[in-house]
There are 2 protein chains.
Amino acid sequence: MPDSRVTMKDVARASGVSPATVSFVLNDSPSQTIPAATRERVHRVAAELGYVPHGVARALREGASRIVVLNVARLPHGGASLAGFVDALDDELGRFGHALLVRYRDRPDDTDRLIAAISPRAVLDLDRLYFEADPEIADGGWIDGLAAHTSVQIRYLAEQGHVELAMALRDDPGIERLAALRRDYAGRILADLGLPELRTLSVGWSVEDDRRAVASFLERHPSVTAIAGLDDDAALRVLAALRDLGVPVPDQVAVIGFDDSPLGELFSPALTTVHIDGAEFGRRAARTLLDEPPGSEAPGPATVIRRASA
Amino acid sequence: MPDSRVTMKDVARASGVSPATVSFVLNDSPSQTIPAATRERVHRVAAELGYVPHGVARALREGASRIVVLNVARLPHGGASLAGFVDALDDELGRFGHALLVRYRDRPDDTDRLIAAISPRAVLDLDRLYFEADPEIADGGWIDGLAAHTSVQIRYLAEQGHVELAMALRDDPGIERLAALRRDYAGRILADLGLPELRTLSVGWSVEDDRRAVASFLERHPSVTAIAGLDDDAALRVLAALRDLGVPVPDQVAVIGFDDSPLGELFSPALTTVHIDGAEFGRRAARTLLDEPPGSEAPGPATVIRRASA
DNA sequence: GGGTGTCACTAATTCGATTTAGTAACGGAG
DNA sequence: CTCCGTTACTAAATCGAATTAGTGACACCC
């Protein structure tokens, strides 16, 4: 395994020109006029030798590597649409010669060090996005989408005739920002609709604790007839608690999830939920980050997957 | 925002030495003798100026960046222990000044291009690991663990008195290698125990298809009394199908999962499963990759989380 | 035929950290 | 007093690609 890297110099020598010319040809340098014959020769030789540009050297020269960092430390890892978002982001960046570096953990100065160390082309920080709500951030519409998707979830319940609604949150500190935001959006939508204030409850510990939390909530708010989950996980926990408590679903209390996890349909009753096309957002985010035109239409709105629970 | 990077040259000037000396001090260069006074001064100045080494420049010089690539394209993303593995790997690499780049997609030449482009310090490819079973690979014992963990799952069923066992696989082409390996291990363990050959069935499409698959399986193999899931997802699908078919669990058929997903306990009956400490494997993998001593004891064996389903 | 332009390239510098080869300065031994 | 060895540094080369500032060699126009 001779770790002999083919450099631009090798290509230059083999095709009888200078490294500079090779660079001009391979990068389609607009300020240079190079005859088709030379271009073709250089391209052919590069392909023959299997030349691959050394990203590190290029990054040093250009001041930024072709890497995009995505920070999702404070978001639930399991979300189905987030997975789609990440996959599509990765794919689309790859199409433009970039790679995605996903950070799941957030030790703050560590992230700064990382950034200083690899000079990423861009950093997409979904955490800060959710927290600071800076409209300038290139997220492909993800954050605006969150408001719209929440609206789909809440309005569905309203259309079914429910009046007093609650949202089931999770006390996981890792996602409190997301939780606060979703709850906020939901509250505003209820106000728009002229419905009573949103109640909230928390689930997410043991099954027994969840059951106790749900029981005590229903006792305090007997007129609530529908519960929207922060995500499918929260909704399924509520569903399990209601089952254990013997509360009929959806007749006494309806439950709707958020973000269409594959397990929702396995439950009994099967979980009604909101499907979000994370992939399209990911694709758009990639293009925004690289200053490319969007190239495709804005993602469609979220859709309700109607099953038995609401 | 003056994006003025503090370079080694700046530190050198401010502390009255040459860049070379700064490098020697900051890297504890063993071949150099530098008096404590100078060391201290350089360190202090570097801290004051907020000097952060430029990873890209360093990578160019050293031939490899301080990045480790983890390829998990063909594994289920949702696995609880894999998440722990990845998190711990990331943490531990960070502790040694390295960053983890997780690849979820596997367009093969693309990965090669990525590797050529960023010169990672190491590549941990769990896919190839599972496929090629190369004992040299630095996975912190993950792959050996898989055999051991499978053993825990199968032996539990045997200890409960089950004789004819089946494994529920998933037809997802993304995980076929993992599936083949797990099935293989399970088969060998049954042989060791002197039990009949392992049966297999496939689930993973729609709920209806799963139900049909399970029903037809039970018809063909009425003497099978226990089903081990490839993972919790497969096990939960079997569990849902058995519920819909009215088959009593665990009385007629017992079900055990694998990899302790948080949703297993929400089901009714709650899913018995195998808990794997992925984090410890991740930590060990990180150290192996960087040629550091393990630093902690080998991970404990997997444990059975006993619930109602088996 | 001299001046101006374009064409087709190349030499040399740059990015920032590391490392090799080297050089003053000094102390001690012979 | 010279030679050797150590100490405490520094100059310069290196990694590979991108880019600026040129440089010949022509062609064309007046």
# chains A, B, ... in the order shown; residues from 1 in each chain; ligands from 1

$ interface_residues --of "chain D" --to "chain B" --cutoff "9 Å" --atoms "only C-alpha atoms (C1' of nucleotides)" --output "number ranges by chain"
D: 7-10, 14-16

$ interface_residues --of "chain C" --to "chain A" --cutoff "8 Å" --atoms "only C-alpha atoms (C1' of nucleotides)" --output "ChimeraX atom specification"
/C:7-10,14-16

$ interface_residues --of "chain B" --to "chain A" --cutoff "8 Å" --atoms "only C-alpha atoms" --output "MDAnalysis selection string"
chainID B and resid 52:57 59:60 65 78 87 90:91 94 99:105 110 113:114 116:119 207 233 236:237 240 263 265:267

$ write_last_selection --atoms "N, CA and C atoms" --output "CSV table (one decimal), in the first residue's frame"
chain,number,residue,atom,x,y,z
B,52,VAL,N,-5.3,29.5,18.9
B,52,VAL,CA,-5.8,28.1,18.6
B,52,VAL,C,-5.1,27.6,17.4
B,53,PRO,N,-4.5,26.4,17.5
B,53,PRO,CA,-3.8,25.9,16.3
B,53,PRO,C,-4.7,25.8,15.1
B,54,HIS,N,-4.2,26.0,14.0
B,54,HIS,CA,-5.0,25.9,12.7
B,54,HIS,C,-4.9,24.5,12.3
B,55,GLY,N,-6.0,23.8,12.5
B,55,GLY,CA,-6.0,22.3,12.2
B,55,GLY,C,-5.7,22.0,10.8
B,56,VAL,N,-6.1,22.9,9.9
B,56,VAL,CA,-5.9,22.6,8.5
B,56,VAL,C,-4.4,22.6,8.1
B,57,ALA,N,-3.8,23.7,8.6
B,57,ALA,CA,-2.3,23.8,8.4
B,57,ALA,C,-1.6,22.6,9.0
B,59,ALA,N,-2.7,19.7,9.6
B,59,ALA,CA,-3.0,18.5,8.9
B,59,ALA,C,-2.2,18.4,7.6
B,60,LEU,N,-2.1,19.5,7.0
B,60,LEU,CA,-1.3,19.5,5.7
B,60,LEU,C,0.2,19.1,6.0
B,65,SER,N,-5.4,14.8,9.1
B,65,SER,CA,-6.1,15.7,10.0
B,65,SER,C,-6.6,15.0,11.3
B,78,GLY,N,-31.4,4.1,14.3
B,78,GLY,CA,-32.1,4.3,15.5
B,78,GLY,C,-31.6,3.6,16.8
B,87,ASP,N,-21.9,8.5,20.5
B,87,ASP,CA,-21.7,9.7,21.5
B,87,ASP,C,-20.4,9.5,22.2
B,90,ASP,N,-17.4,10.0,20.1
B,90,ASP,CA,-17.2,11.5,19.8
B,90,ASP,C,-16.5,12.1,21.0
B,91,ASP,N,-17.1,11.9,22.2
B,91,ASP,CA,-16.6,12.4,23.4
B,91,ASP,C,-15.1,12.1,23.6
B,94,GLY,N,-12.8,13.7,21.2
B,94,GLY,CA,-12.7,15.1,21.6
B,94,GLY,C,-11.6,15.3,22.7
B,99,ALA,N,-11.9,15.1,16.2
B,99,ALA,CA,-13.3,15.2,16.0
B,99,ALA,C,-13.8,14.1,15.2
B,100,LEU,N,-15.1,13.8,15.4
B,100,LEU,CA,-15.7,12.6,14.7
B,100,LEU,C,-16.6,13.1,13.6
B,101,LEU,N,-16.3,12.6,12.4
B,101,LEU,CA,-17.2,12.9,11.3
B,101,LEU,C,-18.0,11.6,10.9
B,102,VAL,N,-19.3,11.7,11.1
B,102,VAL,CA,-20.1,10.6,10.9
B,102,VAL,C,-20.7,10.6,9.5
B,103,ARG,N,-20.5,9.5,8.8
B,103,ARG,CA,-21.1,9.3,7.5
B,103,ARG,C,-22.3,8.4,7.5
B,104,TYR,N,-23.4,8.9,7.1
B,104,TYR,CA,-24.6,8.1,7.1
B,104,TYR,C,-24.9,7.4,5.7
B,105,ARG,N,-24.3,8.1,4.7
B,105,ARG,CA,-24.7,7.6,3.4
B,105,ARG,C,-23.5,6.9,2.9
B,110,ASP,N,-17.7,8.1,-3.5
B,110,ASP,CA,-17.8,9.4,-2.8
B,110,ASP,C,-17.1,9.3,-1.5
B,113,ARG,N,-13.5,9.6,-2.1
B,113,ARG,CA,-13.1,11.0,-2.4
B,113,ARG,C,-13.1,11.8,-1.2
B,114,LEU,N,-14.0,11.6,-0.3
B,114,LEU,CA,-14.1,12.3,1.0
B,114,LEU,C,-12.8,12.1,1.7
B,116,ALA,N,-9.9,11.1,0.6
B,116,ALA,CA,-8.7,11.7,0.0
B,116,ALA,C,-8.8,13.2,0.3
B,117,ALA,N,-9.9,13.7,0.4
B,117,ALA,CA,-10.1,15.2,0.5
B,117,ALA,C,-9.8,15.7,1.9
B,118,ILE,N,-10.1,14.9,2.9
B,118,ILE,CA,-9.9,15.5,4.3
B,118,ILE,C,-8.8,14.7,5.1
B,119,SER,N,-8.3,13.7,4.5
B,119,SER,CA,-7.2,12.9,5.1
B,119,SER,C,-7.5,12.7,6.6
B,207,VAL,N,-47.9,-2.8,8.6
B,207,VAL,CA,-48.4,-3.6,9.7
B,207,VAL,C,-49.2,-4.8,9.2
B,233,ASP,N,-36.9,-3.0,17.0
B,233,ASP,CA,-37.9,-2.6,16.0
B,233,ASP,C,-38.6,-3.9,15.5
B,236,LEU,N,-40.8,-5.5,18.1
B,236,LEU,CA,-42.1,-4.8,18.3
B,236,LEU,C,-43.1,-5.1,17.2
B,237,ARG,N,-42.5,-5.2,16.0
B,237,ARG,CA,-43.4,-5.5,14.9
B,237,ARG,C,-44.0,-6.9,15.0
B,240,ALA,N,-46.7,-6.6,17.7
B,240,ALA,CA,-47.9,-6.0,17.2
B,240,ALA,C,-48.7,-7.0,16.4
B,263,LEU,N,-38.8,2.7,23.6
B,263,LEU,CA,-40.2,2.5,23.4
B,263,LEU,C,-40.7,1.1,23.8
B,265,GLU,N,-40.8,-0.5,26.5
B,265,GLU,CA,-41.5,-0.7,27.7
B,265,GLU,C,-42.9,-0.1,27.6
B,266,LEU,N,-43.2,0.7,26.5
B,266,LEU,CA,-44.5,1.3,26.4
B,266,LEU,C,-45.5,0.3,25.8
B,267,PHE,N,-45.0,-0.7,25.2
B,267,PHE,CA,-45.9,-1.7,24.6
B,267,PHE,C,-46.6,-2.5,25.6

$ select_by_dssp --residues "region 58-278 of chain A" --states "strand (DSSP E or B)" --output "VMD selection string"
chain A and resid 67 to 71 99 to 103 122 to 125 165 to 170 199 to 203 226 to 229 254 to 256 272 to 275

$ write_last_selection --atoms "N, CA, C and O atoms" --output "tab-separated table (two decimals), in the first residue's frame"
chain	number	residue	atom	x	y	z
A	67	ILE	N	-16.18	21.63	4.22
A	67	ILE	CA	-16.92	20.87	5.21
A	67	ILE	C	-17.97	21.79	5.81
A	67	ILE	O	-17.73	22.98	6.03
A	68	VAL	N	-19.14	21.25	6.03
A	68	VAL	CA	-20.19	22.00	6.70
A	68	VAL	C	-20.50	21.28	8.01
A	68	VAL	O	-20.63	20.06	8.04
A	69	VAL	N	-20.54	22.03	9.07
A	69	VAL	CA	-20.80	21.44	10.37
A	69	VAL	C	-22.27	21.64	10.73
A	69	VAL	O	-22.80	22.75	10.63
A	70	LEU	N	-22.90	20.56	11.13
A	70	LEU	CA	-24.28	20.64	11.60
A	70	LEU	C	-24.29	20.30	13.07
A	70	LEU	O	-23.85	19.22	13.46
A	71	ASN	N	-24.79	21.21	13.86
A	71	ASN	CA	-24.85	20.95	15.30
A	71	ASN	C	-26.29	20.65	15.70
A	71	ASN	O	-27.18	21.48	15.51
A	99	ALA	N	-18.62	18.01	2.38
A	99	ALA	CA	-18.97	16.92	3.27
A	99	ALA	C	-19.63	17.48	4.52
A	99	ALA	O	-19.37	18.62	4.92
A	100	LEU	N	-20.48	16.69	5.10
A	100	LEU	CA	-21.19	17.13	6.30
A	100	LEU	C	-20.57	16.50	7.53
A	100	LEU	O	-20.34	15.30	7.60
A	101	LEU	N	-20.29	17.34	8.49
A	101	LEU	CA	-19.77	16.87	9.77
A	101	LEU	C	-20.85	17.12	10.80
A	101	LEU	O	-21.19	18.26	11.09
A	102	VAL	N	-21.40	16.05	11.32
A	102	VAL	CA	-22.50	16.19	12.27
A	102	VAL	C	-21.96	16.16	13.69
A	102	VAL	O	-21.23	15.25	14.07
A	103	ARG	N	-22.30	17.17	14.46
A	103	ARG	CA	-21.93	17.21	15.87
A	103	ARG	C	-23.15	16.88	16.69
A	103	ARG	O	-24.17	17.55	16.59
A	122	ALA	N	-19.18	26.34	6.50
A	122	ALA	CA	-20.35	26.93	7.14
A	122	ALA	C	-20.73	26.09	8.35
A	122	ALA	O	-20.37	24.92	8.44
A	123	VAL	N	-21.40	26.71	9.26
A	123	VAL	CA	-21.90	25.99	10.42
A	123	VAL	C	-23.40	26.20	10.50
A	123	VAL	O	-23.87	27.33	10.49
A	124	LEU	N	-24.11	25.10	10.54
A	124	LEU	CA	-25.56	25.18	10.68
A	124	LEU	C	-25.89	24.67	12.07
A	124	LEU	O	-25.75	23.49	12.36
A	125	ASP	N	-26.28	25.59	12.92
A	125	ASP	CA	-26.51	25.23	14.30
A	125	ASP	C	-28.00	25.26	14.61
A	125	ASP	O	-28.57	26.30	14.90
A	165	LEU	N	-57.31	21.95	24.53
A	165	LEU	CA	-56.17	21.13	24.09
A	165	LEU	C	-55.01	21.20	25.06
A	165	LEU	O	-54.85	22.19	25.80
A	166	ALA	N	-54.21	20.18	25.01
A	166	ALA	CA	-52.98	20.18	25.82
A	166	ALA	C	-51.82	19.70	24.94
A	166	ALA	O	-52.04	19.04	23.91
A	167	MET	N	-50.63	20.08	25.37
A	167	MET	CA	-49.45	19.56	24.68
A	167	MET	C	-48.63	18.75	25.67
A	167	MET	O	-48.39	19.19	26.81
A	168	ALA	N	-48.22	17.58	25.25
A	168	ALA	CA	-47.40	16.72	26.10
A	168	ALA	C	-45.94	17.00	25.80
A	168	ALA	O	-45.46	16.72	24.70
A	169	LEU	N	-45.23	17.57	26.78
A	169	LEU	CA	-43.82	17.89	26.61
A	169	LEU	C	-42.98	16.81	27.28
A	169	LEU	O	-43.50	15.92	27.95
A	170	ARG	N	-41.68	16.94	27.10
A	170	ARG	CA	-40.78	16.03	27.81
A	170	ARG	C	-39.78	16.86	28.59
A	170	ARG	O	-39.33	17.90	28.11
A	199	ARG	N	-52.97	23.89	27.60
A	199	ARG	CA	-52.44	23.28	28.83
A	199	ARG	C	-51.20	22.48	28.46
A	199	ARG	O	-51.03	22.11	27.29
A	200	THR	N	-50.37	22.19	29.42
A	200	THR	CA	-49.22	21.33	29.14
A	200	THR	C	-49.05	20.29	30.24
A	200	THR	O	-49.44	20.51	31.39
A	201	LEU	N	-48.48	19.19	29.85
A	201	LEU	CA	-48.08	18.18	30.83
A	201	LEU	C	-46.75	17.61	30.39
A	201	LEU	O	-46.34	17.79	29.24
A	202	SER	N	-46.08	16.96	31.32
A	202	SER	CA	-44.76	16.42	31.01
A	202	SER	C	-44.73	14.91	31.19
A	202	SER	O	-45.20	14.40	32.21
A	203	VAL	N	-44.17	14.23	30.23
A	203	VAL	CA	-43.96	12.80	30.35
A	203	VAL	C	-42.50	12.51	30.02
A	203	VAL	O	-41.75	13.42	29.69
A	226	ALA	N	-58.14	16.56	23.98
A	226	ALA	CA	-57.14	16.18	22.98
A	226	ALA	C	-55.75	16.58	23.44
A	226	ALA	O	-55.56	17.66	24.00
A	227	ILE	N	-54.79	15.70	23.20
A	227	ILE	CA	-53.41	15.96	23.60
A	227	ILE	C	-52.50	15.84	22.38
A	227	ILE	O	-52.52	14.82	21.67
A	228	ALA	N	-51.72	16.90	22.16
A	228	ALA	CA	-50.75	16.89	21.06
A	228	ALA	C	-49.38	16.60	21.63
A	228	ALA	O	-48.95	17.25	22.59
A	229	GLY	N	-48.68	15.65	21.06
A	229	GLY	CA	-47.34	15.33	21.56
A	229	GLY	C	-46.30	16.27	21.01
A	229	GLY	O	-46.40	16.72	19.87
A	254	ALA	N	-58.31	12.34	22.65
A	254	ALA	CA	-57.62	12.04	21.40
A	254	ALA	C	-56.15	12.39	21.55
A	254	ALA	O	-55.79	13.28	22.32
A	255	VAL	N	-55.30	11.66	20.81
A	255	VAL	CA	-53.86	11.90	20.89
A	255	VAL	C	-53.28	12.00	19.47
A	255	VAL	O	-53.58	11.17	18.62
A	256	ILE	N	-52.48	13.04	19.27
A	256	ILE	CA	-51.80	13.17	17.97
A	256	ILE	C	-50.31	13.36	18.21
A	256	ILE	O	-49.89	14.08	19.13
A	272	THR	N	-52.12	8.62	15.32
A	272	THR	CA	-52.27	9.68	14.32
A	272	THR	C	-51.12	10.66	14.53
A	272	THR	O	-50.78	10.98	15.67
A	273	THR	N	-50.51	11.10	13.44
A	273	THR	CA	-49.34	11.95	13.62
A	273	THR	C	-49.17	12.91	12.46
A	273	THR	O	-49.96	12.90	11.51
A	274	VAL	N	-48.14	13.73	12.54
A	274	VAL	CA	-47.87	14.71	11.49
A	274	VAL	C	-46.59	14.31	10.77
A	274	VAL	O	-45.55	14.12	11.40
A	275	HIS	N	-46.69	14.17	9.48
A	275	HIS	CA	-45.52	13.79	8.69
A	275	HIS	C	-44.86	15.04	8.12
A	275	HIS	O	-45.50	15.87	7.50

$ closest_residue --among "D:DA13, D:DA25, D:DA18, D:DC4" --to "DA21 (chain C)" --atoms "only C-alpha atoms (C1' of nucleotides)"
D:DA13

$ select_by_dssp --residues "region 89-126 of chain B" --states "helix (DSSP H, G or I)" --output "number ranges by chain"
B: 89-95, 108-118, 126

$ write_last_selection --atoms "N, CA and C atoms" --output "compact mmCIF listing (two decimals), in the first residue's frame"
# COMPACT_ATOMS: atom_id res chain seq x y z
N LEU B 89 -17.82 7.69 21.49
CA LEU B 89 -16.69 7.77 20.56
C LEU B 89 -16.34 9.24 20.33
N ASP B 90 -17.35 10.02 20.07
CA ASP B 90 -17.17 11.45 19.83
C ASP B 90 -16.54 12.12 21.05
N ASP B 91 -17.09 11.86 22.18
CA ASP B 91 -16.57 12.44 23.43
C ASP B 91 -15.11 12.12 23.63
N GLU B 92 -14.83 10.84 23.49
CA GLU B 92 -13.48 10.39 23.82
C GLU B 92 -12.47 10.91 22.80
N LEU B 93 -12.86 10.95 21.55
CA LEU B 93 -11.97 11.51 20.53
C LEU B 93 -11.73 12.99 20.84
N GLY B 94 -12.78 13.68 21.24
CA GLY B 94 -12.66 15.09 21.58
C GLY B 94 -11.64 15.30 22.69
N ARG B 95 -11.65 14.37 23.62
CA ARG B 95 -10.71 14.46 24.74
C ARG B 95 -9.27 14.41 24.25
N PRO B 108 -20.06 4.70 -2.57
CA PRO B 108 -18.70 4.26 -2.31
C PRO B 108 -17.59 5.19 -2.78
N ASP B 109 -17.55 5.54 -4.07
CA ASP B 109 -16.43 6.35 -4.54
C ASP B 109 -16.48 7.72 -3.88
N ASP B 110 -17.67 8.11 -3.50
CA ASP B 110 -17.82 9.38 -2.82
C ASP B 110 -17.08 9.35 -1.49
N THR B 111 -17.18 8.23 -0.81
CA THR B 111 -16.49 8.10 0.46
C THR B 111 -14.97 8.13 0.24
N ASP B 112 -14.53 7.47 -0.81
CA ASP B 112 -13.09 7.51 -1.12
C ASP B 112 -12.66 8.94 -1.38
N ARG B 113 -13.47 9.64 -2.12
CA ARG B 113 -13.14 11.02 -2.44
C ARG B 113 -13.09 11.84 -1.15
N LEU B 114 -14.05 11.60 -0.31
CA LEU B 114 -14.07 12.31 0.97
C LEU B 114 -12.80 12.05 1.74
N ILE B 115 -12.41 10.79 1.78
CA ILE B 115 -11.22 10.42 2.54
C ILE B 115 -9.99 11.08 1.95
N ALA B 116 -9.87 11.05 0.63
CA ALA B 116 -8.73 11.69 -0.01
C ALA B 116 -8.75 13.19 0.27
N ALA B 117 -9.93 13.72 0.39
CA ALA B 117 -10.05 15.17 0.51
C ALA B 117 -9.76 15.67 1.91
N ILE B 118 -10.11 14.92 2.93
CA ILE B 118 -9.90 15.46 4.27
C ILE B 118 -8.83 14.71 5.05
N LEU B 126 -18.03 0.54 10.29
CA LEU B 126 -18.76 -0.55 10.93
C LEU B 126 -19.37 -1.49 9.91
